[in-house]
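**Student:** Next comes the structure file work-v7.tsv, holding TSV, C-alpha atoms and all ligand atoms.
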chain	number	residue	atom	x	y	z
A	234	MET	CA	0.00	0.00	0.00
A	235	THR	CA	1.56	3.27	-1.03
A	236	PRO	CA	0.60	6.28	1.06
A	237	SER	CA	-0.77	8.14	-1.95
A	238	ALA	CA	-3.05	5.23	-2.86
A	239	ALA	CA	-4.15	5.07	0.76
A	240	THR	CA	-5.08	8.73	0.73
A	241	GLN	CA	-7.00	8.48	-2.52
A	242	HIS	CA	-9.17	5.62	-1.31
A	243	MET	CA	-9.37	6.62	2.29
A	244	VAL	CA	-12.49	5.64	4.20
A	245	THR	CA	-12.59	6.31	7.94
A	246	ARG	CA	-15.35	6.02	10.48
A	247	PHE	CA	-16.40	7.05	13.95
A	248	ALA	CA	-18.20	4.21	15.69
A	249	PRO	CA	-19.68	5.20	19.05
A	250	SER	CA	-21.79	2.94	21.24
A	251	PRO	CA	-24.98	4.79	22.23
A	252	THR	CA	-24.63	4.02	25.92
A	253	GLY	CA	-24.16	7.58	27.18
A	254	ARG	CA	-23.28	11.11	26.17
A	255	LEU	CA	-20.15	11.76	24.14
A	256	HIS	CA	-17.29	13.41	26.01
A	257	VAL	CA	-14.45	15.61	24.82
A	258	GLY	CA	-12.31	12.55	24.00
A	259	HIS	CA	-14.98	11.24	21.64
A	260	GLY	CA	-15.22	14.66	20.01
A	261	TRP	CA	-11.44	14.77	19.57
A	262	SER	CA	-11.35	11.25	18.10
A	263	ALA	CA	-14.25	11.96	15.73
A	264	LEU	CA	-12.67	15.22	14.55
A	265	MET	CA	-9.38	13.48	13.79
A	266	ALA	CA	-11.04	10.65	11.83
A	267	HIS	CA	-13.13	13.22	9.99
A	268	ASP	CA	-10.17	15.47	9.15
A	269	MET	CA	-8.05	12.60	7.80
A	270	THR	CA	-10.52	12.17	4.97
A	271	ARG	CA	-11.17	15.86	4.37
A	272	ALA	CA	-7.49	16.43	3.70
A	273	GLY	CA	-7.34	13.55	1.23
A	274	MET	CA	-10.85	13.78	-0.26
A	275	GLY	CA	-11.88	10.53	1.37
A	276	THR	CA	-15.09	9.31	2.97
A	277	PHE	CA	-15.97	9.66	6.64
A	278	ARG	CA	-18.78	7.44	7.93
A	279	LEU	CA	-20.75	7.28	11.16
A	280	ARG	CA	-21.60	3.87	12.59
A	281	ILE	CA	-23.74	3.39	15.67
A	282	GLU	CA	-22.66	0.29	17.60
A	283	ASP	CA	-26.04	-0.51	19.12
A	284	ILE	CA	-26.14	-4.29	19.41
A	285	ASP	CA	-26.09	-4.17	23.19
A	286	GLY	CA	-29.84	-4.10	23.73
A	287	THR	CA	-29.58	-3.56	27.46
A	288	ARG	CA	-27.24	-0.53	27.39
A	289	SER	CA	-27.93	1.11	24.00
A	290	ARG	CA	-30.63	3.79	24.05
A	291	PRO	CA	-32.29	5.62	21.13
A	292	GLU	CA	-32.01	8.90	23.04
A	293	HIS	CA	-28.25	8.47	23.11
A	294	VAL	CA	-28.24	8.04	19.32
A	295	GLU	CA	-30.05	11.35	18.98
A	296	ALA	CA	-27.63	12.94	21.40
A	297	ILE	CA	-24.61	11.65	19.44
A	298	VAL	CA	-25.97	13.15	16.23
A	299	GLU	CA	-26.69	16.41	18.03
A	300	ASP	CA	-23.24	16.57	19.64
A	301	LEU	CA	-21.39	15.81	16.40
A	302	ASN	CA	-23.45	18.37	14.49
A	303	TRP	CA	-22.75	20.91	17.20
A	304	LEU	CA	-19.00	20.32	16.81
A	305	GLY	CA	-19.38	20.84	13.06
A	306	ILE	CA	-18.70	17.22	12.10
A	307	GLU	CA	-20.51	15.98	9.01
A	308	TRP	CA	-20.42	12.41	7.76
A	309	ASP	CA	-20.91	10.91	4.34
A	310	GLY	CA	-23.90	8.74	3.47
A	311	ASN	CA	-26.41	7.29	5.86
A	312	ILE	CA	-25.65	6.37	9.44
A	313	ILE	CA	-24.99	2.63	9.74
A	314	PHE	CA	-26.83	0.97	12.63
A	315	GLN	CA	-25.41	-2.35	13.77
A	316	SER	CA	-28.77	-3.41	15.15
A	317	ARG	CA	-29.99	-3.61	11.53
A	318	ARG	CA	-27.16	-5.85	10.40
A	319	LEU	CA	-27.65	-8.87	12.65
A	320	ASP	CA	-28.14	-11.30	9.76
A	321	ARG	CA	-24.58	-10.59	8.59
A	322	TYR	CA	-23.15	-11.31	12.02
A	323	ASP	CA	-25.18	-14.51	12.14
A	324	ALA	CA	-23.83	-15.65	8.79
A	325	ALA	CA	-20.24	-15.15	9.95
A	326	LEU	CA	-20.94	-17.00	13.20
A	327	GLU	CA	-22.45	-19.85	11.21
A	328	ARG	CA	-19.37	-20.02	9.03
A	329	LEU	CA	-16.93	-20.05	11.94
A	330	ARG	CA	-19.07	-22.58	13.80
A	331	GLY	CA	-19.12	-24.78	10.68
A	332	GLU	CA	-15.32	-24.63	10.62
A	333	GLY	CA	-15.19	-25.89	14.20
A	334	LEU	CA	-13.66	-22.66	15.53
A	335	LEU	CA	-16.40	-21.72	18.01
A	336	TYR	CA	-17.70	-23.41	21.11
A	337	PRO	CA	-20.69	-22.64	23.30
A	338	CYS	CA	-19.78	-21.23	26.70
A	339	PHE	CA	-22.32	-21.77	29.48
A	340	CYS	CA	-20.30	-20.06	32.19
A	341	THR	CA	-22.01	-17.39	34.20
A	342	ARG	CA	-20.21	-14.25	35.25
A	343	ALA	CA	-19.86	-15.78	38.72
A	344	ASP	CA	-18.37	-19.02	37.29
A	345	ILE	CA	-15.83	-17.00	35.37
A	346	GLN	CA	-14.89	-14.90	38.39
A	347	ALA	CA	-14.51	-18.03	40.48
A	348	SER	CA	-12.27	-19.74	37.94
A	349	MET	CA	-9.98	-16.81	37.37
A	350	THR	CA	-6.85	-18.48	38.56
A	351	ALA	CA	-5.60	-18.23	35.01
A	352	PRO	CA	-3.04	-15.56	34.13
A	353	HIS	CA	-4.29	-12.07	33.42
A	354	GLY	CA	-3.93	-10.64	29.93
A	355	PRO	CA	-3.27	-6.99	29.12
A	356	GLU	CA	-6.95	-6.23	29.58
A	357	GLY	CA	-7.66	-8.21	32.71
A	358	PRO	CA	-8.45	-11.81	33.43
A	359	VAL	CA	-8.30	-14.23	30.53
A	360	TYR	CA	-11.08	-16.78	30.18
A	361	PRO	CA	-9.53	-20.08	31.27
A	362	GLY	CA	-11.31	-22.15	28.59
A	363	THR	CA	-13.57	-24.10	30.94
A	364	CYS	CA	-16.21	-24.80	28.29
A	365	ARG	CA	-13.64	-25.57	25.59
A	366	ALA	CA	-12.79	-28.64	27.63
A	367	LEU	CA	-16.38	-29.94	27.91
A	368	ALA	CA	-17.00	-33.44	26.57
A	369	ASP	CA	-19.14	-33.52	23.42
A	370	ALA	CA	-21.94	-35.40	25.19
A	371	GLU	CA	-22.11	-32.84	27.98
A	372	ARG	CA	-22.07	-29.97	25.50
A	373	SER	CA	-24.91	-31.54	23.45
A	374	ARG	CA	-26.94	-32.22	26.59
A	375	ARG	CA	-26.68	-28.64	27.79
A	376	MET	CA	-27.45	-27.25	24.33
A	377	ALA	CA	-30.49	-29.54	24.02
A	378	ALA	CA	-31.67	-28.38	27.46
A	379	GLY	CA	-31.61	-24.82	26.14
A	380	GLU	CA	-29.05	-23.61	28.65
A	381	PRO	CA	-28.09	-19.98	27.93
A	382	HIS	CA	-24.72	-19.75	26.27
A	383	ALA	CA	-22.30	-17.40	24.55
A	384	TRP	CA	-20.10	-18.48	21.61
A	385	ARG	CA	-16.38	-18.19	22.07
A	386	LEU	CA	-13.62	-18.33	19.49
A	387	ASP	CA	-11.14	-21.14	20.06
A	388	VAL	CA	-8.21	-18.78	19.60
A	389	ALA	CA	-5.52	-21.47	19.65
A	390	ALA	CA	-7.30	-23.40	16.89
A	391	ALA	CA	-7.85	-20.18	14.95
A	392	VAL	CA	-4.20	-19.15	15.20
A	393	ALA	CA	-3.11	-22.66	14.21
A	394	ARG	CA	-5.16	-22.15	11.05
A	395	THR	CA	-4.00	-18.64	10.13
A	396	GLY	CA	-0.40	-18.72	11.30
A	397	ALA	CA	1.30	-15.54	12.54
A	398	LEU	CA	-0.43	-12.33	11.52
A	399	ARG	CA	0.57	-8.71	11.30
A	400	TRP	CA	-1.45	-5.53	11.11
A	401	ASN	CA	-0.54	-2.21	9.51
A	402	ALA	CA	0.05	0.57	12.01
A	403	LEU	CA	0.32	4.23	11.08
A	404	PRO	CA	1.78	6.74	13.51
A	405	PHE	CA	-0.20	9.12	15.65
A	406	PRO	CA	-0.68	11.95	14.87
A	407	PHE	CA	-1.79	10.73	11.47
A	408	ASP	CA	0.63	11.57	8.69
A	409	ALA	CA	-0.57	10.76	5.20
A	410	SER	CA	2.99	10.41	3.93
A	411	ALA	CA	4.13	7.95	6.62
A	412	GLU	CA	4.86	4.36	5.63
A	413	PRO	CA	2.88	1.81	7.62
A	414	ARG	CA	4.78	-0.27	10.13
A	415	THR	CA	3.66	-3.85	10.63
A	416	VAL	CA	2.86	-5.02	14.12
A	417	LEU	CA	2.80	-8.68	15.08
A	418	ALA	CA	-0.70	-9.53	16.27
A	419	ALA	CA	-0.91	-11.37	19.59
A	420	PRO	CA	-4.55	-12.49	19.78
A	421	ALA	CA	-3.81	-15.48	22.01
A	422	VAL	CA	-2.99	-13.33	25.04
A	423	HIS	CA	-6.63	-12.27	25.20
A	424	GLY	CA	-7.91	-15.81	25.55
A	425	ASP	CA	-11.00	-17.24	23.86
A	426	VAL	CA	-12.96	-14.06	23.16
A	427	VAL	CA	-16.75	-14.01	22.96
A	428	LEU	CA	-18.14	-13.57	19.44
A	429	ALA	CA	-21.83	-13.94	20.30
A	430	ARG	CA	-23.00	-12.96	23.74
A	431	LYS	CA	-25.68	-14.56	25.85
A	432	ASP	CA	-27.58	-11.30	25.86
A	433	ALA	CA	-26.61	-9.94	22.44
A	434	PRO	CA	-26.52	-11.60	19.01
A	435	ALA	CA	-22.90	-10.66	18.34
A	436	SER	CA	-19.99	-9.16	20.20
A	437	TYR	CA	-18.17	-5.92	19.50
A	438	HIS	CA	-15.21	-7.82	18.02
A	439	LEU	CA	-17.29	-9.61	15.40
A	440	SER	CA	-19.61	-6.77	14.42
A	441	CYS	CA	-16.82	-4.21	14.27
A	442	THR	CA	-14.58	-6.40	12.11
A	443	LEU	CA	-17.38	-7.29	9.70
A	444	ASP	CA	-18.65	-3.74	9.40
A	445	ASP	CA	-15.24	-2.16	8.87
A	446	ALA	CA	-14.85	-4.54	5.93
A	447	ALA	CA	-18.41	-4.04	4.62
A	448	MET	CA	-18.00	-0.26	4.80
A	449	GLU	CA	-14.62	-0.57	3.04
A	450	VAL	CA	-12.92	1.26	5.88
A	451	SER	CA	-9.28	1.78	4.90
A	452	HIS	CA	-8.08	3.53	8.07
A	453	VAL	CA	-9.30	2.89	11.60
A	454	LEU	CA	-8.46	5.63	14.09
A	455	ARG	CA	-9.33	4.70	17.66
A	456	GLY	CA	-8.02	4.83	21.21
A	457	ASP	CA	-4.97	3.11	22.63
A	458	ASP	CA	-7.28	1.01	24.78
A	459	LEU	CA	-8.27	-0.92	21.66
A	460	ARG	CA	-4.80	-2.13	20.60
A	461	GLY	CA	-5.66	-5.58	21.93
A	462	ALA	CA	-8.94	-5.49	20.02
A	463	THR	CA	-6.93	-4.82	16.86
A	464	ASP	CA	-5.03	-8.11	17.40
A	465	ILE	CA	-8.35	-9.93	17.63
A	466	HIS	CA	-9.85	-8.11	14.65
A	467	ARG	CA	-6.81	-9.04	12.56
A	468	LEU	CA	-7.37	-12.69	13.43
A	469	LEU	CA	-11.06	-12.47	12.48
A	470	GLN	CA	-10.16	-10.78	9.20
A	471	ALA	CA	-7.81	-13.65	8.34
A	472	LEU	CA	-10.41	-16.28	9.27
A	473	LEU	CA	-13.18	-14.61	7.29
A	474	GLY	CA	-11.10	-13.54	4.28
A	475	LEU	CA	-11.56	-9.82	4.89
A	476	PRO	CA	-9.16	-7.00	4.03
A	477	SER	CA	-7.22	-5.41	6.86
A	478	PRO	CA	-7.30	-1.61	7.24
A	479	ALA	CA	-4.43	0.48	8.57
A	480	TYR	CA	-4.75	1.31	12.27
A	481	ILE	CA	-3.91	4.52	14.06
A	482	HIS	CA	-4.24	4.37	17.84
A	483	HIS	CA	-4.49	7.69	19.62
A	484	PRO	CA	-3.73	8.31	23.31
A	485	LEU	CA	-6.69	8.42	25.66
A	486	LEU	CA	-7.63	11.59	27.46
A	487	VAL	CA	-7.45	11.68	31.23
A	488	GLY	CA	-8.91	14.11	33.75
A	489	ALA	CA	-7.14	16.00	36.52
A	490	ASP	CA	-7.22	12.84	38.66
A	491	GLY	CA	-5.32	10.93	35.96
A	492	ARG	CA	-8.31	8.70	35.29
A	493	ARG	CA	-9.55	8.07	31.80
A	494	LEU	CA	-12.47	10.18	30.70
A	495	ALA	CA	-15.60	8.11	30.79
A	496	LYS	CA	-19.17	8.67	29.75
A	497	ARG	CA	-20.14	8.69	33.42
A	498	ASP	CA	-18.12	11.87	34.08
A	499	GLY	CA	-20.91	14.20	33.02
A	500	SER	CA	-18.79	17.29	33.55
A	501	ILE	CA	-16.81	16.83	30.37
A	502	ALA	CA	-19.70	15.70	28.18
A	503	LEU	CA	-19.95	17.73	24.99
A	504	ALA	CA	-23.55	18.47	25.95
A	505	GLU	CA	-22.36	19.98	29.20
A	506	LEU	CA	-19.93	22.25	27.39
A	507	ARG	CA	-22.65	23.26	24.97
A	508	GLU	CA	-24.99	24.11	27.84
A	509	SER	CA	-22.32	26.15	29.55
A	510	GLY	CA	-22.04	28.35	26.46
A	511	VAL	CA	-18.80	27.03	24.94
A	512	ASN	CA	-18.34	28.10	21.33
A	513	PRO	CA	-18.23	24.89	19.24
A	514	ALA	CA	-16.00	26.26	16.48
A	515	ALA	CA	-13.46	27.43	19.06
A	516	LEU	CA	-13.64	24.07	20.86
A	517	ALA	CA	-13.16	22.16	17.59
A	518	GLU	CA	-10.19	24.35	16.71
A	519	ALA	CA	-8.65	23.81	20.14
A	520	LEU	CA	-9.17	20.03	19.98
A	521	ARG	CA	-7.62	19.95	16.50
A	522	ALA	CA	-4.58	21.70	17.93
A	523	GLY	CA	-4.44	19.23	20.85
A	524	ARG	CA	-5.57	21.81	23.41
A	525	PHE	CA	-8.11	20.39	25.80
A	526	PRO	CA	-10.41	21.99	28.37
A	527	VAL	CA	-8.75	22.74	31.72
A	528	GLY	CA	-7.71	19.63	33.64
A	529	ILE	CA	-7.81	17.33	30.63
A	530	ARG	CA	-4.69	15.98	28.93
A	531	THR	CA	-3.55	12.99	26.91
A	532	ALA	CA	-2.58	9.99	29.02
A	533	SER	CA	0.97	10.00	27.67
A	534	ALA	CA	1.59	13.75	28.23
A	601	LIG	N1	-18.08	1.29	19.88
A	601	LIG	C1	-16.69	1.27	20.23
A	601	LIG	C2	-16.46	2.30	21.31
A	601	LIG	O1	-17.27	3.20	21.48
A	601	LIG	C3	-15.92	1.59	18.96
A	601	LIG	C4	-14.55	1.20	18.95
A	601	LIG	C5	-13.91	1.27	17.57
A	601	LIG	O2	-13.73	2.40	17.07
A	601	LIG	O3	-13.61	0.23	17.02
A	601	LIG	O4	-15.49	2.19	22.04
In structure tokens, how does this file's structure come out?

**Tutor:**
Amino acid sequence: MTPSAATQHMVTRFAPSPTGRLHVGHGWSALMAHDMTRAGMGTFRLRIEDIDGTRSRPEHVEAIVEDLNWLGIEWDGNIIFQSRRLDRYDAALERLRGEGLLYPCFCTRADIQASMTAPHGPEGPVYPGTCRALADAERSRRMAAGEPHAWRLDVAAAVARTGALRWNALPFPFDASAEPRTVLAAPAVHGDVVLARKDAPASYHLSCTLDDAAMEVSHVLRGDDLRGATDIHRLLQALLGLPSPAYIHHPLLVGADGRRLAKRDGSIALAELRESGVNPAALAEALRAGRFPVGIRTASA
């Protein structure tokens, strides 16, 4: 991939989950993804990751649209709603199941907590594979009894199939002329990730990977907290024969207490700034220049 070709065909996206109000960090991330395509005449899409029926709320979707409009961010084409794409996630699950790469996991949250003697991965405890070890007869009996279950990817089997994988990383801040660097993916350290949840028809990993490919996303810009997710998405791309975009991971924003900004911290919600009379054009300009409201800084600074 030459950088000029990448710029010509650039498609980026902002993909919020409608589980709360957007904060300054979301606004910053969305502006950067948006601006990457404006500079290179690319396409910037908005995708609403609303497959989590218990936490996603229509009023948050409206609020996201309102907040982005307020900041002056416009997207190309229609908004993509993941909740309307469940058949595609199902088809991929069916395919992976048919290839023997998934297994049903009946563990409850409490079971998993209790069995967490396994080593922790970079993002916390790794599922110890309890249900991978179930005998076929036991598995069939529990399935036939209709016991609630998630579907997990047998990561070791998957990696044995794909071999070592690398993903293309571009530096942050984004530089259209930079050559991508390849990063060795390490999906195994995250354990057997869930691809279909008990309470949701797909997981973030599956829906995000499929949709980035379906939307022909060429560049994914997202937070440093999702580097591990990128390893998993690279594995899913290889298993499902999907192209792999270039990834740019940006630092997370932290508050005065050094803690990551979160949707629960209402004080730095974009809506809060709007209500307190902040000028959106000035805010967008400041964010673009890496200047954040008082008390907020990048985690690495
Ligand atoms: N819905 C995810 C989030 O809000 C999106 C992550 C991504 O950009 O892949 O964190």

**Student:** Collect all residues with atoms no farther than 8 Å from ligand LIG 601 (chain A), counting all atoms listed in the file, and output them as an NGL selection string.

**Tutor:** :A and (246-251 or 281-282 or 437 or 441 or 453-456 or 459 or 462)

**Student:** Can you tell me which residues surround Ala435 in chain A at a distance of at most 12 Å, considering all atoms listed in the file, apart from same-chain residues fewer than 3 positions away, and format the answer as a PyMOL selection string?

**Tutor:** chain A and resi 282-286+315-316+318-327+383-385+426-432+438-443

**Student:** Can you spit out the residues from that selection as an mmCIF file, in the coordinates of the input, using C-alpha atoms?

**Tutor:**
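Now in again_32.cif:
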data_model
loop_
_atom_site.group_PDB
_atom_site.id
_atom_site.type_symbol
_atom_site.label_atom_id
_atom_site.label_comp_id
_atom_site.auth_asym_id
_atom_site.auth_seq_id
_atom_site.Cartn_x
_atom_site.Cartn_y
_atom_site.Cartn_z
ATOM 1 C CA GLU A 282 -22.660 0.290 17.600
ATOM 2 C CA ASP A 283 -26.040 -0.510 19.120
ATOM 3 C CA ILE A 284 -26.140 -4.290 19.410
ATOM 4 C CA ASP A 285 -26.090 -4.170 23.190
ATOM 5 C CA GLY A 286 -29.840 -4.100 23.730
ATOM 6 C CA GLN A 315 -25.410 -2.350 13.770
ATOM 7 C CA SER A 316 -28.770 -3.410 15.150
ATOM 8 C CA ARG A 318 -27.160 -5.850 10.400
ATOM 9 C CA LEU A 319 -27.650 -8.870 12.650
ATOM 10 C CA ASP A 320 -28.140 -11.300 9.760
ATOM 11 C CA ARG A 321 -24.580 -10.590 8.590
ATOM 12 C CA TYR A 322 -23.150 -11.310 12.020
ATOM 13 C CA ASP A 323 -25.180 -14.510 12.140
ATOM 14 C CA ALA A 324 -23.830 -15.650 8.790
ATOM 15 C CA ALA A 325 -20.240 -15.150 9.950
ATOM 16 C CA LEU A 326 -20.940 -17.000 13.200
ATOM 17 C CA GLU A 327 -22.450 -19.850 11.210
ATOM 18 C CA ALA A 383 -22.300 -17.400 24.550
ATOM 19 C CA TRP A 384 -20.100 -18.480 21.610
ATOM 20 C CA ARG A 385 -16.380 -18.190 22.070
ATOM 21 C CA VAL A 426 -12.960 -14.060 23.160
ATOM 22 C CA VAL A 427 -16.750 -14.010 22.960
ATOM 23 C CA LEU A 428 -18.140 -13.570 19.440
ATOM 24 C CA ALA A 429 -21.830 -13.940 20.300
ATOM 25 C CA ARG A 430 -23.000 -12.960 23.740
ATOM 26 C CA LYS A 431 -25.680 -14.560 25.850
ATOM 27 C CA ASP A 432 -27.580 -11.300 25.860
ATOM 28 C CA HIS A 438 -15.210 -7.820 18.020
ATOM 29 C CA LEU A 439 -17.290 -9.610 15.400
ATOM 30 C CA SER A 440 -19.610 -6.770 14.420
ATOM 31 C CA CYS A 441 -16.820 -4.210 14.270
ATOM 32 C CA THR A 442 -14.580 -6.400 12.110
ATOM 33 C CA LEU A 443 -17.380 -7.290 9.700
#

**Student:** What's the separation between CA of Ala418 in chain A and CA of Leu469 in chain A, in Å to one decimal place?

**Tutor:**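 So the two atoms, CA of Ala418 in chain A and CA of Leu469 in chain A, lie 11.4 Å apart.
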
**Student:** Pull the closest atom pair for each residue of range 373-489 of chain A that gets at most 9 Å from range 518-528 of chain A, along with the distance in Å to one decimal, counting only C-alpha atoms, ordering rows by chain and then ascending residue number, as a Markdown table.

**Tutor:**
| residue | atom | partner | partner_atom | distance |
| --- | --- | --- | --- | --- |
| A:Leu486 | CA | A:Phe525 | CA | 9.0 |
| A:Val487 | CA | A:Gly528 | CA | 8.3 |
| A:Gly488 | CA | A:Gly528 | CA | 5.6 |
| A:Ala489 | CA | A:Gly528 | CA | 4.7 |

**Student:** With distances taken over only C-alpha atoms, which residue among A:Phe277, A:Tyr480, A:Tyr336, A:Trp400 lies nearest Asp309 in chain A?

**Tutor:**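 Under the stated criterion, the closest residue is A:Phe277.
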
**Student:** Return the single residue from A:Arg507, A:Arg374, A:Lys496, A:Arg394 that is closest to Glu332 in chain A, with distances computed using all atoms listed in the file.

**Tutor:**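 Distance minimum relative to Glu332 in chain A lands on A:Arg394.
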
**Student:** Would you pick out the contacts of Val422 in chain A at 8 Å or less, using all atoms listed in the file, so that residues sharing its chain but fewer than 6 positions from it are not included, and give the list as a PyMOL selection string?

**Tutor:** chain A and resi 354-355+359

**Student:** Write the selection just made, keeping C-alpha atoms, as a short mmCIF file (atom, residue, chain, number, x, y, z; two decimals), keeping the file's coordinate frame?

**Tutor:**
data_model
loop_
_atom_site.label_atom_id
_atom_site.label_comp_id
_atom_site.auth_asym_id
_atom_site.auth_seq_id
_atom_site.Cartn_x
_atom_site.Cartn_y
_atom_site.Cartn_z
CA GLY A 354 -3.93 -10.64 29.93
CA PRO A 355 -3.27 -6.99 29.12
CA VAL A 359 -8.30 -14.23 30.53
#

**Student:** May I have the residues within 10 Å of Ala421 in chain A as a VMD selection string, using only C-alpha atoms and disregarding those fewer than 6 positions away in the same chain?

**Tutor:** chain A and resid 354 359 387 to 389 391 to 392 464 to 465 468

**Student:** One decimal, in Å: what's the spacing between CA of Gly362 in chain A and CA of Leu329 in chain A?

**Tutor:**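 Going from CA of Gly362 in chain A over to CA of Leu329 in chain A, I get 17.7 Å.
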
**Student:** For range 299-414 of chain A against range 260-270 of chain A, with a cut-off of 12 Å and counting all atoms listed in the file, what is the closest atom pair and its distance in Å to one decimal for every residue that makes the cut, ordered by chain and number, as JSON lines?

**Tutor:**
{"residue": "A:Glu299", "atom": "CA", "partner": "A:Gly260", "partner_atom": "CA", "distance": 11.8}
{"residue": "A:Asp300", "atom": "CA", "partner": "A:Gly260", "partner_atom": "CA", "distance": 8.3}
{"residue": "A:Leu301", "atom": "CA", "partner": "A:Gly260", "partner_atom": "CA", "distance": 7.2}
{"residue": "A:Asn302", "atom": "CA", "partner": "A:Gly260", "partner_atom": "CA", "distance": 10.6}
{"residue": "A:Trp303", "atom": "CA", "partner": "A:Gly260", "partner_atom": "CA", "distance": 10.2}
{"residue": "A:Leu304", "atom": "CA", "partner": "A:Gly260", "partner_atom": "CA", "distance": 7.5}
{"residue": "A:Gly305", "atom": "CA", "partner": "A:Leu264", "partner_atom": "CA", "distance": 8.9}
{"residue": "A:Ile306", "atom": "CA", "partner": "A:Leu264", "partner_atom": "CA", "distance": 6.8}
{"residue": "A:Glu307", "atom": "CA", "partner": "A:His267", "partner_atom": "CA", "distance": 7.9}
{"residue": "A:Trp308", "atom": "CA", "partner": "A:His267", "partner_atom": "CA", "distance": 7.7}
{"residue": "A:Asp309", "atom": "CA", "partner": "A:His267", "partner_atom": "CA", "distance": 9.9}
{"residue": "A:Phe405", "atom": "CA", "partner": "A:Met265", "partner_atom": "CA", "distance": 10.3}
{"residue": "A:Pro406", "atom": "CA", "partner": "A:Met265", "partner_atom": "CA", "distance": 8.9}
{"residue": "A:Phe407", "atom": "CA", "partner": "A:Met269", "partner_atom": "CA", "distance": 7.5}
{"residue": "A:Asp408", "atom": "CA", "partner": "A:Met269", "partner_atom": "CA", "distance": 8.8}
{"residue": "A:Ala409", "atom": "CA", "partner": "A:Met269", "partner_atom": "CA", "distance": 8.1}
{"residue": "A:Ser410", "atom": "CA", "partner": "A:Met269", "partner_atom": "CA", "distance": 11.9}

**Student:** CA of Gly461 in chain A to CA of His423 in chain A: how many Å, to one decimal?

**Tutor:** 7.5 Å
